[in-house]
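The file data-v9.txt comes next; it holds compact mmCIF, C-alpha atoms.
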```
# COMPACT_ATOMS: atom_id res chain seq x y z
CA MET A 1250 0.00 0.00 0.00
CA LYS A 1251 1.36 3.39 -1.01
CA LEU A 1252 0.18 6.70 0.37
CA ARG A 1253 1.18 10.11 -0.97
CA ILE A 1254 0.81 13.08 1.37
CA GLY A 1255 0.61 16.54 -0.20
CA THR A 1256 1.87 19.55 1.75
CA ARG A 1257 3.43 22.96 1.45
CA GLY A 1258 7.21 23.07 1.79
CA SER A 1259 7.69 25.35 4.80
CA PRO A 1260 9.37 23.81 7.87
CA LEU A 1261 6.08 24.03 9.77
CA ALA A 1262 4.05 22.42 6.97
CA LEU A 1263 6.60 19.60 6.73
CA ALA A 1264 6.49 19.09 10.51
CA GLN A 1265 2.70 18.77 10.30
CA ALA A 1266 2.91 16.33 7.37
CA ASN A 1267 5.42 14.21 9.26
CA GLU A 1268 3.20 14.20 12.35
CA THR A 1269 0.35 12.93 10.17
CA LYS A 1270 2.60 10.24 8.71
CA GLU A 1271 3.73 9.13 12.17
CA ARG A 1272 0.15 8.92 13.42
CA LEU A 1273 -0.91 6.84 10.41
CA VAL A 1274 2.02 4.47 10.94
CA ALA A 1275 1.25 4.11 14.65
CA ALA A 1276 -2.51 3.66 14.18
CA HIS A 1277 -2.41 1.14 11.33
CA GLY A 1278 1.03 -0.48 11.49
CA LEU A 1279 1.93 0.87 8.06
CA ASP A 1280 5.41 0.73 6.60
CA PRO A 1281 6.87 4.26 6.90
CA ALA A 1282 8.71 3.76 3.61
CA ALA A 1283 5.36 3.32 1.86
CA ILE A 1284 4.22 6.84 2.82
CA GLU A 1285 5.65 9.57 0.61
CA ILE A 1286 5.53 13.29 1.42
CA LYS A 1287 5.21 15.41 -1.71
CA VAL A 1288 5.92 19.13 -1.50
CA ILE A 1289 3.59 21.35 -3.53
CA THR A 1290 4.30 25.05 -3.99
CA THR A 1291 1.17 27.18 -3.65
CA THR A 1292 0.38 30.65 -4.95
CA GLY A 1293 0.60 31.94 -1.38
CA ASP A 1294 4.16 30.61 -1.16
CA ARG A 1295 5.22 32.18 -4.45
CA ILE A 1296 3.80 35.67 -3.84
CA ARG A 1297 5.35 37.03 -0.67
CA ASP A 1298 5.58 40.76 -1.30
CA ARG A 1299 1.86 41.62 -1.05
CA PRO A 1300 -0.81 41.25 1.65
CA LEU A 1301 -2.98 38.15 1.33
CA ASN A 1302 -6.16 40.22 1.16
CA GLU A 1303 -4.87 41.82 -2.04
CA ILE A 1304 -4.12 38.59 -3.89
CA GLY A 1305 -7.03 36.30 -3.09
CA GLY A 1306 -7.07 35.29 0.57
CA LYS A 1307 -6.65 32.02 2.42
CA GLY A 1308 -7.33 29.68 -0.49
CA LEU A 1309 -3.97 30.67 -1.96
CA PHE A 1310 -2.27 28.27 0.48
CA THR A 1311 -4.46 25.29 -0.45
CA LYS A 1312 -5.55 25.66 -4.11
CA GLU A 1313 -2.67 23.81 -5.80
CA ILE A 1314 -2.70 21.08 -3.15
CA GLU A 1315 -6.43 20.53 -3.65
CA GLU A 1316 -5.87 20.42 -7.41
CA ALA A 1317 -3.29 17.67 -6.84
CA LEU A 1318 -5.91 15.70 -4.89
CA PHE A 1319 -8.42 16.04 -7.72
CA ALA A 1320 -5.75 14.97 -10.24
CA ASN A 1321 -4.89 11.88 -8.16
CA ASP A 1322 -1.30 13.05 -7.81
CA ILE A 1323 -1.61 12.68 -4.03
CA ASP A 1324 -3.89 10.61 -1.77
CA LEU A 1325 -4.30 13.03 1.13
CA ALA A 1326 -3.39 16.61 1.96
CA VAL A 1327 -2.28 18.11 5.25
CA HIS A 1328 -3.30 21.71 6.02
CA SER A 1329 -3.17 24.17 8.86
CA MET A 1330 -6.92 24.53 9.33
CA LYS A 1331 -6.65 28.27 9.93
CA ASP A 1332 -5.40 28.58 6.32
CA VAL A 1333 -8.36 26.70 4.83
CA ALA A 1334 -11.09 28.75 3.12
CA ALA A 1335 -14.55 28.65 4.66
CA ILE A 1336 -15.99 26.61 1.78
CA VAL A 1337 -14.29 23.33 0.82
CA PRO A 1338 -14.50 22.35 -2.87
CA GLN A 1339 -17.16 19.77 -3.71
CA GLY A 1340 -15.60 16.33 -3.97
CA LEU A 1341 -13.13 16.92 -1.14
CA ALA A 1342 -13.59 16.44 2.60
CA PHE A 1343 -11.65 16.54 5.85
CA ALA A 1344 -11.43 12.97 7.12
CA ALA A 1345 -9.44 13.90 10.22
CA ILE A 1346 -8.61 16.73 12.57
CA LEU A 1347 -5.52 15.83 14.61
CA PRO A 1348 -5.33 16.55 18.36
CA ARG A 1349 -5.23 20.31 18.60
CA GLU A 1350 -2.21 22.18 19.91
CA ASP A 1351 -2.26 25.35 22.05
CA VAL A 1352 -4.65 27.77 20.33
CA ARG A 1353 -3.22 30.99 21.74
CA ASP A 1354 -1.14 33.70 20.08
CA ALA A 1355 2.47 34.32 21.06
CA PHE A 1356 3.79 37.85 21.49
CA LEU A 1357 7.38 38.21 20.29
CA SER A 1358 9.43 41.33 20.91
CA LEU A 1359 12.90 42.55 21.74
CA ALA A 1360 11.45 45.85 22.98
CA ALA A 1361 8.81 44.88 25.55
CA PRO A 1362 7.64 41.90 27.63
CA TYR A 1363 4.03 42.14 26.45
CA LEU A 1364 1.82 44.12 24.07
CA ARG A 1365 0.69 46.86 26.45
CA ALA A 1366 4.30 47.60 27.39
CA LEU A 1367 5.43 48.49 23.86
CA PRO A 1368 6.75 52.04 23.40
CA GLN A 1369 4.32 54.66 22.07
CA GLY A 1370 3.97 54.39 18.29
CA ALA A 1371 5.87 51.10 18.07
CA ARG A 1372 5.75 49.16 14.81
CA LEU A 1373 3.75 45.92 14.91
CA GLY A 1374 4.65 43.43 12.19
CA SER A 1375 1.79 41.21 11.07
CA SER A 1376 0.13 39.91 7.92
CA SER A 1377 -3.03 39.04 9.86
CA VAL A 1378 -5.93 41.51 9.74
CA ARG A 1379 -7.34 39.76 12.82
CA ARG A 1380 -4.22 40.20 14.95
CA THR A 1381 -3.72 43.76 13.71
CA ALA A 1382 -7.29 44.79 14.54
CA GLN A 1383 -7.16 43.16 17.98
CA ALA A 1384 -3.84 44.82 18.77
CA LEU A 1385 -5.11 48.23 17.63
CA ARG A 1386 -8.16 47.80 19.86
CA LEU A 1387 -5.80 47.52 22.83
CA ARG A 1388 -3.12 49.91 21.54
CA PRO A 1389 -4.49 52.30 18.87
CA ASP A 1390 -1.15 54.13 18.73
CA LEU A 1391 0.71 51.18 17.19
CA ARG A 1392 1.89 51.36 13.56
CA PRO A 1393 1.11 48.18 11.58
CA VAL A 1394 3.82 46.86 9.26
CA GLN A 1395 3.26 44.02 6.74
CA PHE A 1396 5.04 40.83 7.86
CA ARG A 1397 4.65 38.05 5.25
CA GLY A 1398 6.66 34.82 5.22
CA ASN A 1399 7.06 31.60 7.18
CA VAL A 1400 7.89 31.47 10.88
CA GLU A 1401 11.65 31.64 10.36
CA THR A 1402 11.33 34.63 8.00
CA ARG A 1403 9.23 36.55 10.49
CA LEU A 1404 11.64 35.83 13.32
CA ARG A 1405 14.49 37.11 11.13
CA LYS A 1406 12.57 40.30 10.29
CA LEU A 1407 11.97 40.90 13.98
CA ALA A 1408 15.67 40.40 14.76
CA GLU A 1409 16.58 42.83 11.96
CA GLY A 1410 14.41 45.54 13.51
CA VAL A 1411 11.76 45.71 10.78
CA ALA A 1412 9.25 45.98 13.65
CA GLU A 1413 9.35 46.16 17.43
CA ALA A 1414 6.94 43.25 17.87
CA THR A 1415 4.99 40.55 16.09
CA PHE A 1416 2.58 37.72 16.82
CA LEU A 1417 2.84 34.06 15.85
CA ALA A 1418 0.76 31.04 16.77
CA VAL A 1419 2.00 29.25 19.88
CA ALA A 1420 1.12 25.96 18.15
CA GLY A 1421 3.46 26.55 15.22
CA LEU A 1422 6.36 27.57 17.43
CA LYS A 1423 5.90 24.48 19.58
CA ARG A 1424 5.76 22.18 16.56
CA LEU A 1425 9.01 23.69 15.29
CA GLY A 1426 10.75 23.44 18.66
CA LEU A 1427 10.88 27.24 18.89
CA ALA A 1428 8.78 27.83 22.00
CA ASP A 1429 11.81 29.49 23.60
CA LYS A 1430 11.37 32.38 21.14
CA ILE A 1431 8.07 33.39 22.80
CA THR A 1432 8.30 36.61 24.80
CA SER A 1433 4.86 36.09 26.36
CA VAL A 1434 1.70 34.12 25.61
CA VAL A 1435 -1.44 36.16 24.94
CA GLU A 1436 -4.40 34.77 26.85
CA ILE A 1437 -7.65 34.05 25.03
CA ASP A 1438 -9.61 36.62 27.01
CA GLU A 1439 -7.26 39.29 25.67
CA MET A 1440 -7.06 38.12 22.03
CA LEU A 1441 -9.39 35.46 20.68
CA PRO A 1442 -7.44 33.22 18.29
CA ALA A 1443 -8.00 32.72 14.59
CA ILE A 1444 -10.66 30.23 13.54
CA ALA A 1445 -9.19 26.70 13.88
CA GLN A 1446 -5.80 27.98 15.06
CA GLY A 1447 -3.60 25.13 16.28
CA ALA A 1448 -5.55 22.48 14.34
CA ILE A 1449 -4.16 20.25 11.58
CA GLY A 1450 -6.65 18.91 9.04
CA VAL A 1451 -6.23 15.94 6.71
CA GLN A 1452 -8.12 16.32 3.44
CA VAL A 1453 -9.10 13.49 1.10
CA ARG A 1454 -11.24 12.84 -1.96
CA SER A 1455 -14.80 12.26 -0.78
CA ASN A 1456 -15.17 9.10 -2.89
CA ASP A 1457 -11.90 7.50 -1.75
CA ASP A 1458 -13.23 5.13 0.91
CA ARG A 1459 -9.90 3.36 1.50
CA VAL A 1460 -7.97 6.52 2.34
CA SER A 1461 -10.92 8.09 4.18
CA GLU A 1462 -11.08 5.07 6.52
CA LEU A 1463 -7.34 5.11 7.19
CA VAL A 1464 -7.28 8.83 7.87
CA GLY A 1465 -10.45 8.70 9.96
CA GLY A 1466 -8.61 6.41 12.35
CA ILE A 1467 -6.33 9.23 13.50
CA SER A 1468 -9.00 11.91 13.96
CA HIS A 1469 -9.49 13.49 17.40
CA ALA A 1470 -13.20 13.82 18.13
CA ALA A 1471 -13.09 16.79 20.51
CA SER A 1472 -10.78 18.78 18.22
CA ALA A 1473 -12.96 17.99 15.20
CA THR A 1474 -16.10 19.15 17.03
CA ALA A 1475 -14.52 22.44 18.12
CA VAL A 1476 -13.16 23.13 14.63
CA ALA A 1477 -16.55 22.35 13.04
CA CYS A 1478 -18.22 24.94 15.28
CA GLU A 1479 -15.59 27.60 14.57
CA ARG A 1480 -15.64 27.03 10.81
CA ALA A 1481 -19.44 27.22 10.74
CA PHE A 1482 -19.09 30.64 12.38
CA LEU A 1483 -16.58 31.67 9.70
CA ALA A 1484 -18.66 30.35 6.79
CA THR A 1485 -21.84 32.03 7.99
CA LEU A 1486 -20.03 35.35 8.25
CA ASP A 1487 -18.77 34.81 4.68
CA GLY A 1488 -15.38 35.53 6.19
CA SER A 1489 -12.56 36.60 3.96
CA CYS A 1490 -8.98 37.71 4.55
CA ARG A 1491 -10.29 41.29 4.53
CA THR A 1492 -12.47 40.68 7.60
CA PRO A 1493 -10.95 40.41 11.09
CA ILE A 1494 -12.66 37.30 12.52
CA ALA A 1495 -11.79 35.28 15.62
CA GLY A 1496 -13.38 32.38 17.41
CA HIS A 1497 -12.71 29.60 19.87
CA ALA A 1498 -14.77 26.56 20.88
CA THR A 1499 -14.08 24.22 23.79
CA LEU A 1500 -15.66 21.04 25.15
CA SER A 1501 -16.12 20.80 28.89
CA GLY A 1502 -18.34 18.50 30.92
CA GLY A 1503 -20.25 17.38 27.85
CA GLU A 1504 -21.01 20.97 26.83
CA LEU A 1505 -19.65 22.90 23.86
CA ARG A 1506 -18.86 26.54 24.54
CA PHE A 1507 -18.06 29.01 21.79
CA GLY A 1508 -17.00 32.62 21.71
CA GLY A 1509 -16.59 34.51 18.47
CA GLU A 1510 -16.07 38.05 17.30
CA THR A 1511 -15.45 40.24 14.31
CA LEU A 1512 -13.88 43.67 14.35
CA THR A 1513 -13.51 46.67 12.12
CA PRO A 1514 -9.96 46.69 10.67
CA ASP A 1515 -8.94 49.62 12.89
CA GLY A 1516 -10.08 47.72 15.99
CA LYS A 1517 -12.42 50.51 17.08
CA LYS A 1518 -15.56 48.38 17.00
CA VAL A 1519 -15.97 44.77 18.14
CA PHE A 1520 -19.05 42.59 17.72
CA ALA A 1521 -18.91 39.48 19.88
CA ALA A 1522 -21.16 36.51 20.60
CA ARG A 1523 -21.11 33.73 23.19
CA ILE A 1524 -23.11 30.51 22.95
CA SER A 1525 -23.15 27.00 24.43
CA GLY A 1526 -24.96 23.75 23.78
CA ALA A 1527 -24.61 20.09 22.90
CA PRO A 1528 -21.48 18.99 21.00
CA ALA A 1529 -23.73 17.32 18.42
CA ASP A 1530 -25.04 20.80 17.53
CA ALA A 1531 -21.56 22.23 16.89
CA GLU A 1532 -22.23 23.61 13.42
CA ARG A 1533 -25.62 25.02 14.37
CA LEU A 1534 -24.10 26.81 17.36
CA GLY A 1535 -21.42 28.35 15.17
CA ARG A 1536 -24.02 29.53 12.66
CA GLU A 1537 -26.25 31.03 15.35
CA ALA A 1538 -23.35 32.94 16.90
CA ALA A 1539 -22.45 34.32 13.46
CA LEU A 1540 -26.02 35.44 12.79
CA ASP A 1541 -26.01 37.24 16.14
CA VAL A 1542 -22.76 39.03 15.23
CA LYS A 1543 -24.07 39.87 11.75
CA ALA A 1544 -27.27 41.35 13.14
CA ARG A 1545 -25.34 43.78 15.33
CA GLY A 1546 -22.40 44.51 13.06
CA GLY A 1547 -24.32 45.02 9.82
CA SER A 1548 -22.45 46.79 7.03
CA LEU A 1549 -19.45 47.43 9.28
CA ILE A 1550 -18.44 43.76 9.00
CA ALA A 1551 -19.29 43.17 5.36
CA SER A 1552 -16.67 41.04 3.63
```

Just dump the structure as structure tokens.
Amino acid sequence: MKLRIGTRGSPLALAQANETKERLVAAHGLDPAAIEIKVITTTGDRIRDRPLNEIGGKGLFTKEIEEALFANDIDLAVHSMKDVAAIVPQGLAFAAILPREDVRDAFLSLAAPYLRALPQGARLGSSSVRRTAQALRLRPDLRPVQFRGNVETRLRKLAEGVAEATFLAVAGLKRLGLADKITSVVEIDEMLPAIAQGAIGVQVRSNDDRVSELVGGISHAASATAVACERAFLATLDGSCRTPIAGHATLSGGELRFGGETLTPDGKKVFAARISGAPADAERLGREAALDVKARGGSLIAS
């Protein structure tokens, strides 16, 4: 049996693909040599000098990989779920969500121990409209600077003084063995994370029962439920890379709790919703929270 895993070529993407491979080997006793990791360059990887919201949004990190699935060049694809567009192409499905890592954002700076301690008018490097809006809500004096590139590139830019501070996902830094680079961890009640942050998704062709069954064997039920709720919130808001959207769902004591928000890009207005219910109703809860936010935000949060 041969399995071909499609992934982007960044160190983080490769770490996630290798984690998927290791879990498949452990769960099914597969021969590691029979699982090939194929690197696919995406549009998002090729165009690094412009903001994502100017060149097409999140789908730019998945389009070519999904095309390889359709073409039968690979058998499964591994994605950071926060990079996956709200609507998945017909004919493809996520057969597994791996156990989720820490969902929080990491604050990185050589100038201050945490966001509120940055000097007046400090430059904040980020390519995320969500992080930028949330930071401006707390510190409207900050000057946003575009910070595209993989984790290593952003760390280099910070060291070179392109900005006084930046944010990265705690999950990515942990997976790369770079947790020691974190200046401080931003708690969820201060900055809600991106939708599905910290989650790895494994995508397959919907009609490929053999691969779907194998991949389904490594899925983590609680992580999958939380991600389903968050992505329903995103899809109902018609979220794009131009819209600052955040959300986080957790399972506790048999109850699913979700908090979501959207902001104006300058961070001056925030529209938030909180909801809880049965885990089986995850997608409905996400949709209801989004409708609540939409009703109050109106044209201010149009995509």

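Considering the residues A:Ser1472, A:Ser1376, A:Ser1259, A:Ser1548 and counting all atoms listed in the file, Val1352 (chain A) has its shortest atom-to-atom contact with A:Ser1472.
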
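Our summary of the geometry notes that CA of Gly1503 (chain A) is positioned 7.1 Å from CA of Ala1527 (chain A).
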
**Q.** Surrounding residues of region 1450-1465 of chain A excluding itself and chain neighbours under 5 positions, 6 Å, all atoms listed in the file, as a ChimeraX atom specification
**A.** /A:1325-1328,1330,1340-1346

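With distances taken over all atoms listed in the file, A:Ala1531 is the one residue among A:Ala1443, A:Ala1544, A:Ile1284, A:Ala1531 lying closest to Ala1475 (chain A).
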
Box centre and edge lengths (Å, one decimal), axis-aligned, region 1441-1448 of chain A plus 3 Å each side, as AutoDock Vina command-line options:
```
--center_x -7.1 --center_y 29.0 --center_z 17.1 --size_x 13.1 --size_y 19.0 --size_z 13.1
```

Q) Can you tell me how far CA of Ala1283 (chain A) sits from CA of Asp1324 (chain A), in Å to one decimal? A) 12.3 Å

**Q.** Residue contacts of Ala1484 (chain A) (10 Å, all atoms listed in the file) excluding same-chain residues fewer than 3 positions away, as a PyMOL selection string
**A.** chain A and resi 1334-1336+1479-1481+1487-1489+1535-1536+1539

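With all atoms listed in the file as the atoms that count, the residue of A:Ser1433, A:Thr1381, A:Gln1369, A:Ser1468 with the shortest distance to Thr1269 (chain A) is A:Ser1468.
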
If you count only C-alpha atoms, which residues fall within 12 Å of Asp1541 (chain A), apart from same-chain ones fewer than 5 positions away, as a short mmCIF file (atom, residue, chain, number, x, y, z; two decimals) with C-alpha atoms, in the coordinates of the input?
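Generated file (part.cif):
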```cif
data_model
loop_
_atom_site.label_atom_id
_atom_site.label_comp_id
_atom_site.auth_asym_id
_atom_site.auth_seq_id
_atom_site.Cartn_x
_atom_site.Cartn_y
_atom_site.Cartn_z
CA PHE A 1482 -19.09 30.64 12.38
CA THR A 1485 -21.84 32.03 7.99
CA LEU A 1486 -20.03 35.35 8.25
CA GLY A 1508 -17.00 32.62 21.71
CA GLY A 1509 -16.59 34.51 18.47
CA GLU A 1510 -16.07 38.05 17.30
CA THR A 1511 -15.45 40.24 14.31
CA PHE A 1520 -19.05 42.59 17.72
CA ALA A 1521 -18.91 39.48 19.88
CA ALA A 1522 -21.16 36.51 20.60
CA ARG A 1523 -21.11 33.73 23.19
CA ILE A 1524 -23.11 30.51 22.95
CA LEU A 1534 -24.10 26.81 17.36
CA GLY A 1535 -21.42 28.35 15.17
CA ARG A 1536 -24.02 29.53 12.66
CA GLY A 1546 -22.40 44.51 13.06
CA GLY A 1547 -24.32 45.02 9.82
#
```

Q: List every protein, DNA or RNA residue that has an atom no more than 12 Å from (6.4, 13.3, 9.7) in the file's coordinate frame, counting only C-alpha atoms, and report them as number ranges by chain.
A: A: 1254-1256, 1260-1275, 1281-1282, 1284-1287, 1327, 1424

May I have the selected residues written with C-alpha atoms, as a CSV table (one decimal), in the coordinates of the input?
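Wrote it out as result.csv, contents follow:
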```csv
chain,number,residue,atom,x,y,z
A,1254,ILE,CA,0.8,13.1,1.4
A,1255,GLY,CA,0.6,16.5,-0.2
A,1256,THR,CA,1.9,19.6,1.8
A,1260,PRO,CA,9.4,23.8,7.9
A,1261,LEU,CA,6.1,24.0,9.8
A,1262,ALA,CA,4.0,22.4,7.0
A,1263,LEU,CA,6.6,19.6,6.7
A,1264,ALA,CA,6.5,19.1,10.5
A,1265,GLN,CA,2.7,18.8,10.3
A,1266,ALA,CA,2.9,16.3,7.4
A,1267,ASN,CA,5.4,14.2,9.3
A,1268,GLU,CA,3.2,14.2,12.4
A,1269,THR,CA,0.4,12.9,10.2
A,1270,LYS,CA,2.6,10.2,8.7
A,1271,GLU,CA,3.7,9.1,12.2
A,1272,ARG,CA,0.2,8.9,13.4
A,1273,LEU,CA,-0.9,6.8,10.4
A,1274,VAL,CA,2.0,4.5,10.9
A,1275,ALA,CA,1.2,4.1,14.6
A,1281,PRO,CA,6.9,4.3,6.9
A,1282,ALA,CA,8.7,3.8,3.6
A,1284,ILE,CA,4.2,6.8,2.8
A,1285,GLU,CA,5.6,9.6,0.6
A,1286,ILE,CA,5.5,13.3,1.4
A,1287,LYS,CA,5.2,15.4,-1.7
A,1327,VAL,CA,-2.3,18.1,5.2
A,1424,ARG,CA,5.8,22.2,16.6
```

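Reported to one decimal place, the separation of CA of Phe1507 (chain A) from CA of Asp1530 (chain A) is 11.6 Å.
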
Q. Can you list, as a PyMOL selection string, every protein, DNA or RNA residue that comes within 12 Å of Leu1364 (chain A) when you count all atoms listed in the file, leaving out same-chain residues fewer than 6 positions away?
A. chain A and resi 1354-1358+1370-1373+1380-1381+1383-1391+1413-1416+1432-1436+1439-1440

Please export region 1475-1534 of chain A as a short mmCIF file (atom, residue, chain, number, x, y, z; two decimals), in the first residue's frame, restricted to C-alpha atoms.
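result.cif written:
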```
data_model
loop_
_atom_site.label_atom_id
_atom_site.label_comp_id
_atom_site.auth_asym_id
_atom_site.auth_seq_id
_atom_site.Cartn_x
_atom_site.Cartn_y
_atom_site.Cartn_z
CA ALA A 1475 -14.52 22.44 18.12
CA VAL A 1476 -13.16 23.13 14.63
CA ALA A 1477 -16.55 22.35 13.04
CA CYS A 1478 -18.22 24.94 15.28
CA GLU A 1479 -15.59 27.60 14.57
CA ARG A 1480 -15.64 27.03 10.81
CA ALA A 1481 -19.44 27.22 10.74
CA PHE A 1482 -19.09 30.64 12.38
CA LEU A 1483 -16.58 31.67 9.70
CA ALA A 1484 -18.66 30.35 6.79
CA THR A 1485 -21.84 32.03 7.99
CA LEU A 1486 -20.03 35.35 8.25
CA ASP A 1487 -18.77 34.81 4.68
CA GLY A 1488 -15.38 35.53 6.19
CA SER A 1489 -12.56 36.60 3.96
CA CYS A 1490 -8.98 37.71 4.55
CA ARG A 1491 -10.29 41.29 4.53
CA THR A 1492 -12.47 40.68 7.60
CA PRO A 1493 -10.95 40.41 11.09
CA ILE A 1494 -12.66 37.30 12.52
CA ALA A 1495 -11.79 35.28 15.62
CA GLY A 1496 -13.38 32.38 17.41
CA HIS A 1497 -12.71 29.60 19.87
CA ALA A 1498 -14.77 26.56 20.88
CA THR A 1499 -14.08 24.22 23.79
CA LEU A 1500 -15.66 21.04 25.15
CA SER A 1501 -16.12 20.80 28.89
CA GLY A 1502 -18.34 18.50 30.92
CA GLY A 1503 -20.25 17.38 27.85
CA GLU A 1504 -21.01 20.97 26.83
CA LEU A 1505 -19.65 22.90 23.86
CA ARG A 1506 -18.86 26.54 24.54
CA PHE A 1507 -18.06 29.01 21.79
CA GLY A 1508 -17.00 32.62 21.71
CA GLY A 1509 -16.59 34.51 18.47
CA GLU A 1510 -16.07 38.05 17.30
CA THR A 1511 -15.45 40.24 14.31
CA LEU A 1512 -13.88 43.67 14.35
CA THR A 1513 -13.51 46.67 12.12
CA PRO A 1514 -9.96 46.69 10.67
CA ASP A 1515 -8.94 49.62 12.89
CA GLY A 1516 -10.08 47.72 15.99
CA LYS A 1517 -12.42 50.51 17.08
CA LYS A 1518 -15.56 48.38 17.00
CA VAL A 1519 -15.97 44.77 18.14
CA PHE A 1520 -19.05 42.59 17.72
CA ALA A 1521 -18.91 39.48 19.88
CA ALA A 1522 -21.16 36.51 20.60
CA ARG A 1523 -21.11 33.73 23.19
CA ILE A 1524 -23.11 30.51 22.95
CA SER A 1525 -23.15 27.00 24.43
CA GLY A 1526 -24.96 23.75 23.78
CA ALA A 1527 -24.61 20.09 22.90
CA PRO A 1528 -21.48 18.99 21.00
CA ALA A 1529 -23.73 17.32 18.42
CA ASP A 1530 -25.04 20.80 17.53
CA ALA A 1531 -21.56 22.23 16.89
CA GLU A 1532 -22.23 23.61 13.42
CA ARG A 1533 -25.62 25.02 14.37
CA LEU A 1534 -24.10 26.81 17.36
#
```
